[in-house]
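Data first, discussion second: the structure below is written as C-alpha coordinates.
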Amino acid sequence: MKKITLTSLIALMLLTSCASILTGSKRKVLFESNPNGAKVYVNGFEKGVTPVQIKVKAEDRIDFRLENYKERVVVMDSDFNLVSILNGISIIGWGIDALTGSLKRVDTKYVKVDLESVATASNYLEKGRIQSVSINTDEKIVETVIVLN
(Lines give C-alpha, C1' and ligand atoms only; values in the text may rest on other atoms or scores of the structure.)
Protein backbone atom coordinates (compact mmCIF):
# COMPACT_ATOMS: atom_id res chain seq x y z
CA MET A 1 0.00 0.00 0.00
CA LYS A 2 2.86 2.39 0.84
CA LYS A 3 4.43 1.67 -2.54
CA ILE A 4 1.24 2.68 -4.37
CA THR A 5 0.92 5.88 -2.31
CA LEU A 6 4.57 6.80 -2.91
CA THR A 7 4.21 6.12 -6.65
CA SER A 8 1.04 8.20 -6.77
CA LEU A 9 2.75 11.06 -4.95
CA ILE A 10 5.73 10.99 -7.34
CA ALA A 11 3.40 10.91 -10.37
CA LEU A 12 1.44 13.85 -8.95
CA MET A 13 4.63 15.86 -8.45
CA LEU A 14 5.80 15.09 -12.01
CA LEU A 15 2.51 16.31 -13.46
CA THR A 16 2.55 19.55 -11.45
CA SER A 17 2.29 22.62 -13.69
CA CYS A 18 2.08 20.62 -16.91
CA ALA A 19 1.23 23.55 -19.17
CA SER A 20 4.17 25.58 -17.87
CA ILE A 21 6.58 22.72 -18.50
CA LEU A 22 5.22 21.31 -21.77
CA THR A 23 4.02 24.37 -23.71
CA GLY A 24 4.96 27.47 -21.72
CA SER A 25 3.15 30.77 -21.91
CA LYS A 26 4.72 32.08 -25.15
CA ARG A 27 4.34 31.07 -28.79
CA LYS A 28 6.31 32.04 -31.90
CA VAL A 29 4.22 34.15 -34.26
CA LEU A 30 5.19 35.42 -37.73
CA PHE A 31 4.39 39.12 -38.17
CA GLU A 32 4.18 40.73 -41.62
CA SER A 33 3.00 44.09 -42.90
CA ASN A 34 2.01 45.53 -46.24
CA PRO A 35 4.32 47.31 -47.05
CA ASN A 36 7.18 45.48 -45.34
CA GLY A 37 9.64 47.27 -43.09
CA ALA A 38 7.33 48.30 -40.25
CA LYS A 39 8.84 48.33 -36.77
CA VAL A 40 7.14 45.82 -34.45
CA TYR A 41 6.67 46.73 -30.79
CA VAL A 42 5.52 44.21 -28.17
CA ASN A 43 4.01 45.96 -25.15
CA GLY A 44 5.93 49.11 -26.06
CA PHE A 45 9.34 47.49 -26.65
CA GLU A 46 10.78 47.33 -30.17
CA LYS A 47 11.33 43.69 -31.17
CA GLY A 48 12.09 43.80 -34.90
CA VAL A 49 11.10 44.86 -38.41
CA THR A 50 8.56 43.04 -40.55
CA PRO A 51 8.69 40.30 -41.62
CA VAL A 52 9.77 38.95 -38.22
CA GLN A 53 9.03 35.97 -36.01
CA ILE A 54 8.64 36.81 -32.30
CA LYS A 55 7.61 34.88 -29.19
CA VAL A 56 4.51 36.50 -27.68
CA LYS A 57 2.11 35.79 -24.81
CA ALA A 58 -1.66 35.88 -24.69
CA GLU A 59 -3.08 39.41 -24.70
CA ASP A 60 0.24 41.08 -25.66
CA ARG A 61 -0.20 44.40 -27.47
CA ILE A 62 1.57 44.48 -30.85
CA ASP A 63 2.16 47.87 -32.53
CA PHE A 64 3.19 48.25 -36.18
CA ARG A 65 4.84 51.59 -37.00
CA LEU A 66 6.15 52.82 -40.36
CA GLU A 67 6.94 56.40 -41.37
CA ASN A 68 4.14 58.04 -43.41
CA TYR A 69 1.67 55.28 -42.42
CA LYS A 70 -0.95 55.08 -39.68
CA GLU A 71 0.02 52.96 -36.70
CA ARG A 72 -1.80 49.62 -36.40
CA VAL A 73 -2.37 47.80 -33.12
CA VAL A 74 -3.13 44.10 -32.66
CA VAL A 75 -3.89 42.39 -29.34
CA MET A 76 -2.95 38.71 -29.38
CA ASP A 77 -5.93 36.41 -28.97
CA SER A 78 -5.80 33.34 -26.76
CA ASP A 79 -7.56 30.11 -25.88
CA PHE A 80 -7.53 27.87 -22.84
CA ASN A 81 -4.38 25.73 -22.88
CA LEU A 82 -5.71 22.16 -22.93
CA VAL A 83 -2.38 20.78 -21.68
CA SER A 84 -3.13 22.27 -18.27
CA ILE A 85 -5.88 19.65 -17.83
CA LEU A 86 -3.05 17.21 -17.06
CA ASN A 87 -2.77 19.00 -13.69
CA GLY A 88 -5.85 17.04 -12.66
CA ILE A 89 -6.65 17.79 -9.04
CA SER A 90 -3.24 19.31 -8.28
CA ILE A 91 -3.95 22.75 -6.86
CA ILE A 92 -0.22 23.50 -6.93
CA GLY A 93 -0.06 22.70 -10.66
CA TRP A 94 -3.07 24.87 -11.46
CA GLY A 95 -1.58 27.68 -9.36
CA ILE A 96 1.81 27.53 -11.07
CA ASP A 97 0.20 27.47 -14.52
CA ALA A 98 -1.96 30.47 -13.54
CA LEU A 99 1.02 32.45 -12.20
CA THR A 100 3.17 31.77 -15.27
CA GLY A 101 0.32 32.60 -17.66
CA SER A 102 0.32 29.09 -19.11
CA LEU A 103 -3.43 28.57 -18.63
CA LYS A 104 -3.89 30.67 -21.79
CA ARG A 105 -2.03 30.13 -25.04
CA VAL A 106 -1.78 32.36 -28.11
CA ASP A 107 -4.13 30.95 -30.74
CA THR A 108 -2.54 32.61 -33.80
CA LYS A 109 0.67 31.63 -35.63
CA TYR A 110 0.57 34.35 -38.33
CA VAL A 111 -0.43 38.03 -38.32
CA LYS A 112 -0.41 40.30 -41.38
CA VAL A 113 -1.57 43.90 -41.30
CA ASP A 114 -2.19 46.35 -44.15
CA LEU A 115 -0.84 49.77 -43.27
CA GLU A 116 -2.77 52.81 -44.46
CA SER A 117 -0.84 55.73 -45.93
CA VAL A 118 -1.08 59.02 -44.04
CA ALA A 119 -2.11 62.02 -46.15
CA THR A 120 0.46 64.73 -45.46
CA ALA A 121 1.11 68.02 -47.20
CA SER A 122 4.60 66.86 -48.21
CA ASN A 123 3.12 63.78 -49.91
CA TYR A 124 0.85 66.00 -51.99
CA LEU A 125 3.61 68.48 -52.79
CA GLU A 126 5.83 65.70 -54.13
CA LYS A 127 3.09 64.56 -56.48
CA GLY A 128 1.96 68.02 -57.57
CA ARG A 129 3.37 70.99 -59.42
CA ILE A 130 3.16 74.66 -58.62
CA GLN A 131 0.96 76.44 -61.15
CA SER A 132 1.20 79.98 -59.81
CA VAL A 133 2.42 82.05 -56.89
CA SER A 134 1.14 85.53 -56.10
CA ILE A 135 2.53 87.80 -53.40
CA ASN A 136 0.60 90.72 -52.00
CA THR A 137 3.15 92.80 -50.06
CA ASP A 138 0.59 95.34 -48.87
CA GLU A 139 -1.55 92.75 -47.06
CA LYS A 140 1.38 90.35 -46.48
CA ILE A 141 -0.35 87.43 -48.22
CA VAL A 142 1.30 84.67 -50.25
CA GLU A 143 -1.07 82.66 -52.44
CA THR A 144 0.14 79.45 -54.08
CA VAL A 145 -1.81 77.25 -56.49
CA ILE A 146 -0.62 73.64 -56.63
CA VAL A 147 -2.03 71.20 -59.19
CA LEU A 148 -1.97 67.58 -58.00
CA ASN A 149 -1.31 64.87 -60.52
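Naming scheme: A, B, ... for chains in displayed order of the C-alpha coordinates; residues 1 onward per chain; ligands 1 onward as shown.
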Exercise: A:Glu46 partners within 12 Å, only C-alpha atoms, chain neighbours under 3 positions left out, as a ChimeraX atom specification: /A:38-43,49-50,52,54,61-65
So the first atom is atom CA of A:Ala58 and the second is atom CA of A:Val113; what is the distance between them in Å, to one decimal place?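 The value is 18.4 Å.
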Could you check the closest approach to A:Pro35 for each of A:Val56, A:Leu66, A:Ile130, A:Val73 and tell me which residue wins, using only C-alpha atoms?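 Among A:Val56, A:Leu66, A:Ile130, A:Val73, it is A:Leu66 that comes nearest to A:Pro35.
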For A:Lys28: contacts at 12 Å, only C-alpha atoms, fewer than 4 positions along chain excluded, given as a ChimeraX atom specification: /A:23-24,52-58,76,105-111
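In this structure, atom CA of A:Lys70 sits 5.6 Å away from atom CA of A:Glu116.
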Hey, can you check how far atom CA of A:Asp60 sits from atom CA of A:Lys47? 12.7 Å
If you count only C-alpha atoms, which residues fall within 6 Å of stretch 144-146 of chain A, apart from same-chain ones fewer than 4 positions away, as a list in words?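 Here the qualifying residues turn out to be Arg129, Ile130, Gln131, Ser132 and Val133 of chain A.
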